[in-house]
Amino acid sequence: MKNLRSTLGIVISLVLAVVLVGAGYYFLFQQIETVTTHTSDVQNQIEEATGREGYLLSLKTMLTDSKGEINVLDARIIPKDGEVAFLDRLEGLGRFAGVKLTTDAFGLGSVGDMSAGLFQQVGVSVSVDGSYSSVRYFLSLLETLPYSLTLSSVSLERAGASGKASWHGSFKITALIHK
């Protein structure tokens with residue numbers, strides 16, 4: 001009987017040892033799975049941050065490389081509070097061309113999708129009076145302005161008697177101005 005008791009004690013001890021070792025393995029594997037999941041998440045975050053950093057770096061490089069072109073385009077837009085200087089330039093071109101220039105209308109408006117952006121549209125209606133060659137010369141001088149201009153309306157007609165070589169021109173000019 002003693003032999004049976006000691007054998008039974010050994011079997012129970014072995015069963016308990018196996019259960020304890022099994023439980024230990026189970027909890028160990030649970031910890032390993034938790035750590036692996038966490039490590040995978042951290043690795044994904046690092047890869048995402050690295051990709052985002054690479055994208056931002058390439059964007060910054062592209063903007064730096066494009067700075068010259070951006071400045072050239074920016075110079076084609078009337079500076080903020082530059083309306084008066086713009087009108088003075090138009091009047092100066094008129095004097096230089098030998099025409100009498102009158103500003104009929106001036107207004108600021110929105111530019112399609114850019115109305116909430118950085119620019120506004122400037123609309124100027126001008127009338128000029130002078131010889132045909134002077135009026136044409138004024139039109140050609142508009143191209144020398146450093147701004148990107150659009151002539152949305154051009155009207156040129158002979159004014160005065162047939163013996164007098166006087167011409168009248170009406171022009172609607174639009175440009176962009178910084179807000």
# chains A, B, ... in the order shown; residues from 1 in each chain; ligands from 1

call {"tool": "residues_around", "arguments": {"residues": "region 67-79 of chain A", "least_positions_apart": "4", "cutoff": "8 Å", "atoms": "only C-alpha atoms", "output": "VMD selection string"}}
result
chain A and resid 63 83 86 146 to 148 175 to 178

call {"tool": "select_by_dssp", "arguments": {"residues": "region 49-170 of chain A", "states": "strand (DSSP E or B)", "output": "ChimeraX atom specification"}}
result
/A:78,100-109,119-130,150-159,166-170

call {"tool": "closest_atom_pairs", "arguments": {"of": "region 47-141 of chain A", "to": "region 151-161 of chain A", "cutoff": "9 Å", "atoms": "only C-alpha atoms", "output": "CSV"}}
result
residue,atom,partner,partner_atom,distance
A:Ser125,CA,A:Ser153,CA,8.9
A:Asp129,CA,A:Ala159,CA,8.4
A:Tyr132,CA,A:Arg158,CA,8.3
A:Val135,CA,A:Leu156,CA,8.6

call {"tool": "write_last_selection", "arguments": {"atoms": "C-alpha atoms", "output": "compact mmCIF listing (two decimals), in the first residue's frame"}}
result
# COMPACT_ATOMS: atom_id res chain seq x y z
CA SER A 125 -11.87 100.09 -67.96
CA ASP A 129 -7.92 109.22 -77.50
CA TYR A 132 -4.34 105.52 -84.72
CA VAL A 135 -3.54 104.04 -79.75

call {"tool": "atom_distance", "arguments": {"atom1": "CA of Gly169 (chain A)", "atom2": "CA of Val128 (chain A)"}}
result
5.1 Å

call {"tool": "select_by_dssp", "arguments": {"residues": "region 3-178 of chain A", "states": "helix (DSSP H, G or I)", "output": "ChimeraX atom specification"}}
result
/A:3-65,67-75,83-97,112-116,132-142

call {"tool": "atom_distance", "arguments": {"atom1": "CA of Phe171 (chain A)", "atom2": "CA of Leu108 (chain A)"}}
result
16.6 Å

call {"tool": "closest_residue", "arguments": {"among": "A:Leu57, A:Ile32, A:Ala97, A:Val15", "to": "Tyr137 (chain A)", "atoms": "only C-alpha atoms"}}
result
A:Ala97

call {"tool": "residues_around", "arguments": {"residues": "Ile173 (chain A)", "least_positions_apart": "4", "cutoff": "6 Å", "atoms": "only C-alpha atoms", "output": "compact mmCIF listing (two decimals) with N, CA and C atoms, in the first residue's frame"}}
result
# COMPACT_ATOMS: atom_id res chain seq x y z
N GLY A 123 -10.27 94.73 -62.19
CA GLY A 123 -10.83 95.09 -63.50
C GLY A 123 -10.71 96.60 -63.70
N VAL A 124 -10.15 97.00 -64.82
CA VAL A 124 -9.97 98.42 -65.14
C VAL A 124 -10.53 98.66 -66.54
N THR A 150 -5.04 90.62 -68.99
CA THR A 150 -5.95 90.09 -69.99
C THR A 150 -6.80 91.24 -70.50
N LEU A 151 -6.84 91.39 -71.81
CA LEU A 151 -7.74 92.37 -72.41
C LEU A 151 -9.05 91.65 -72.70

call {"tool": "atom_distance", "arguments": {"atom1": "CA of Lys100 (chain A)", "atom2": "CA of His168 (chain A)"}}
result
9.5 Å

call {"tool": "closest_residue", "arguments": {"among": "A:Lys179, A:Thr64, A:Leu93, A:Arg52", "to": "Gly117 (chain A)", "atoms": "only C-alpha atoms"}}
result
A:Lys179

call {"tool": "decode", "arguments": {"residues": "region 116-129 of chain A", "atoms": "all heavy atoms", "output": "PDB file, in the first residue's frame"}}
result
ATOM      1  N   ALA A 116     -11.301  82.578 -52.093  1.00  0.00           N
ATOM      2  CA  ALA A 116     -10.906  82.433 -50.693  1.00  0.00           C
ATOM      3  C   ALA A 116      -9.395  82.289 -50.567  1.00  0.00           C
ATOM      4  O   ALA A 116      -8.889  82.068 -49.494  1.00  0.00           O
ATOM      5  CB  ALA A 116     -11.588  81.205 -50.088  1.00  0.00           C
ATOM      6  N   GLY A 117      -8.708  82.421 -51.672  1.00  0.00           N
ATOM      7  CA  GLY A 117      -7.265  82.205 -51.680  1.00  0.00           C
ATOM      8  C   GLY A 117      -6.464  83.468 -51.480  1.00  0.00           C
ATOM      9  O   GLY A 117      -6.815  84.349 -50.698  1.00  0.00           O
ATOM     10  N   LEU A 118      -5.411  83.574 -52.243  1.00  0.00           N
ATOM     11  CA  LEU A 118      -4.439  84.642 -52.071  1.00  0.00           C
ATOM     12  C   LEU A 118      -4.644  85.820 -53.005  1.00  0.00           C
ATOM     13  O   LEU A 118      -3.990  86.838 -52.857  1.00  0.00           O
ATOM     14  CB  LEU A 118      -3.033  84.076 -52.308  1.00  0.00           C
ATOM     15  CG  LEU A 118      -2.613  82.916 -51.423  1.00  0.00           C
ATOM     16  CD1 LEU A 118      -1.305  82.325 -51.914  1.00  0.00           C
ATOM     17  CD2 LEU A 118      -2.475  83.371 -49.997  1.00  0.00           C
ATOM     18  N   PHE A 119      -5.542  85.685 -53.998  1.00  0.00           N
ATOM     19  CA  PHE A 119      -5.641  86.695 -55.045  1.00  0.00           C
ATOM     20  C   PHE A 119      -7.051  87.226 -55.194  1.00  0.00           C
ATOM     21  O   PHE A 119      -8.020  86.566 -54.848  1.00  0.00           O
ATOM     22  CB  PHE A 119      -5.206  86.117 -56.401  1.00  0.00           C
ATOM     23  CG  PHE A 119      -3.899  85.402 -56.354  1.00  0.00           C
ATOM     24  CD1 PHE A 119      -3.835  84.027 -56.493  1.00  0.00           C
ATOM     25  CD2 PHE A 119      -2.720  86.097 -56.163  1.00  0.00           C
ATOM     26  CE1 PHE A 119      -2.632  83.367 -56.456  1.00  0.00           C
ATOM     27  CE2 PHE A 119      -1.513  85.445 -56.121  1.00  0.00           C
ATOM     28  CZ  PHE A 119      -1.465  84.078 -56.265  1.00  0.00           C
ATOM     29  N   GLN A 120      -7.105  88.438 -55.764  1.00  0.00           N
ATOM     30  CA  GLN A 120      -8.351  89.031 -56.211  1.00  0.00           C
ATOM     31  C   GLN A 120      -8.146  89.450 -57.659  1.00  0.00           C
ATOM     32  O   GLN A 120      -7.010  89.616 -58.104  1.00  0.00           O
ATOM     33  CB  GLN A 120      -8.696  90.278 -55.395  1.00  0.00           C
ATOM     34  CG  GLN A 120      -9.273  89.997 -54.041  1.00  0.00           C
ATOM     35  CD  GLN A 120      -9.678  91.285 -53.354  1.00  0.00           C
ATOM     36  OE1 GLN A 120      -8.855  92.148 -53.154  1.00  0.00           O
ATOM     37  NE2 GLN A 120     -10.951  91.403 -53.024  1.00  0.00           N
ATOM     38  N   GLN A 121      -9.245  89.640 -58.351  1.00  0.00           N
ATOM     39  CA  GLN A 121      -9.154  90.090 -59.729  1.00  0.00           C
ATOM     40  C   GLN A 121      -9.380  91.598 -59.764  1.00  0.00           C
ATOM     41  O   GLN A 121     -10.269  92.121 -59.094  1.00  0.00           O
ATOM     42  CB  GLN A 121     -10.195  89.382 -60.587  1.00  0.00           C
ATOM     43  CG  GLN A 121     -10.034  89.631 -62.054  1.00  0.00           C
ATOM     44  CD  GLN A 121     -10.958  88.744 -62.867  1.00  0.00           C
ATOM     45  OE1 GLN A 121     -11.932  88.222 -62.363  1.00  0.00           O
ATOM     46  NE2 GLN A 121     -10.644  88.587 -64.119  1.00  0.00           N
ATOM     47  N   VAL A 122      -8.547  92.299 -60.516  1.00  0.00           N
ATOM     48  CA  VAL A 122      -8.674  93.736 -60.703  1.00  0.00           C
ATOM     49  C   VAL A 122      -9.213  93.966 -62.105  1.00  0.00           C
ATOM     50  O   VAL A 122      -8.672  93.426 -63.068  1.00  0.00           O
ATOM     51  CB  VAL A 122      -7.295  94.431 -60.568  1.00  0.00           C
ATOM     52  CG1 VAL A 122      -7.407  95.909 -60.890  1.00  0.00           C
ATOM     53  CG2 VAL A 122      -6.719  94.230 -59.202  1.00  0.00           C
ATOM     54  N   GLY A 123     -10.268  94.733 -62.193  1.00  0.00           N
ATOM     55  CA  GLY A 123     -10.828  95.089 -63.495  1.00  0.00           C
ATOM     56  C   GLY A 123     -10.710  96.595 -63.703  1.00  0.00           C
ATOM     57  O   GLY A 123     -11.102  97.375 -62.836  1.00  0.00           O
ATOM     58  N   VAL A 124     -10.146  97.004 -64.822  1.00  0.00           N
ATOM     59  CA  VAL A 124      -9.970  98.416 -65.139  1.00  0.00           C
ATOM     60  C   VAL A 124     -10.527  98.658 -66.539  1.00  0.00           C
ATOM     61  O   VAL A 124     -10.181  97.943 -67.476  1.00  0.00           O
ATOM     62  CB  VAL A 124      -8.474  98.816 -65.116  1.00  0.00           C
ATOM     63  CG1 VAL A 124      -8.325 100.307 -65.392  1.00  0.00           C
ATOM     64  CG2 VAL A 124      -7.824  98.449 -63.801  1.00  0.00           C
ATOM     65  N   SER A 125     -11.384  99.651 -66.649  1.00  0.00           N
ATOM     66  CA  SER A 125     -11.870 100.088 -67.964  1.00  0.00           C
ATOM     67  C   SER A 125     -11.220 101.428 -68.246  1.00  0.00           C
ATOM     68  O   SER A 125     -11.327 102.357 -67.440  1.00  0.00           O
ATOM     69  CB  SER A 125     -13.386 100.241 -67.960  1.00  0.00           C
ATOM     70  OG  SER A 125     -14.006  98.994 -67.788  1.00  0.00           O
ATOM     71  N   VAL A 126     -10.538 101.511 -69.377  1.00  0.00           N
ATOM     72  CA  VAL A 126      -9.873 102.761 -69.757  1.00  0.00           C
ATOM     73  C   VAL A 126     -10.318 103.162 -71.155  1.00  0.00           C
ATOM     74  O   VAL A 126     -10.677 102.326 -71.981  1.00  0.00           O
ATOM     75  CB  VAL A 126      -8.319 102.637 -69.709  1.00  0.00           C
ATOM     76  CG1 VAL A 126      -7.837 102.394 -68.303  1.00  0.00           C
ATOM     77  CG2 VAL A 126      -7.817 101.574 -70.644  1.00  0.00           C
ATOM     78  N   SER A 127     -10.288 104.475 -71.375  1.00  0.00           N
ATOM     79  CA  SER A 127     -10.550 105.044 -72.694  1.00  0.00           C
ATOM     80  C   SER A 127      -9.316 105.828 -73.091  1.00  0.00           C
ATOM     81  O   SER A 127      -8.696 106.487 -72.253  1.00  0.00           O
ATOM     82  CB  SER A 127     -11.752 105.987 -72.661  1.00  0.00           C
ATOM     83  OG  SER A 127     -12.908 105.290 -72.310  1.00  0.00           O
ATOM     84  N   VAL A 128      -8.969 105.725 -74.362  1.00  0.00           N
ATOM     85  CA  VAL A 128      -7.830 106.486 -74.873  1.00  0.00           C
ATOM     86  C   VAL A 128      -8.266 107.236 -76.120  1.00  0.00           C
ATOM     87  O   VAL A 128      -9.117 106.773 -76.885  1.00  0.00           O
ATOM     88  CB  VAL A 128      -6.610 105.571 -75.185  1.00  0.00           C
ATOM     89  CG1 VAL A 128      -6.073 104.947 -73.920  1.00  0.00           C
ATOM     90  CG2 VAL A 128      -6.952 104.503 -76.191  1.00  0.00           C
ATOM     91  N   ASP A 129      -7.679 108.407 -76.302  1.00  0.00           N
ATOM     92  CA  ASP A 129      -7.923 109.220 -77.498  1.00  0.00           C
ATOM     93  C   ASP A 129      -6.578 109.653 -78.052  1.00  0.00           C
ATOM     94  O   ASP A 129      -5.692 110.062 -77.292  1.00  0.00           O
ATOM     95  CB  ASP A 129      -8.769 110.454 -77.149  1.00  0.00           C
ATOM     96  CG  ASP A 129     -10.181 110.084 -76.766  1.00  0.00           C
ATOM     97  OD1 ASP A 129     -10.881 109.498 -77.611  1.00  0.00           O
ATOM     98  OD2 ASP A 129     -10.579 110.358 -75.613  1.00  0.00           O
TER      99      ASP A 129
END
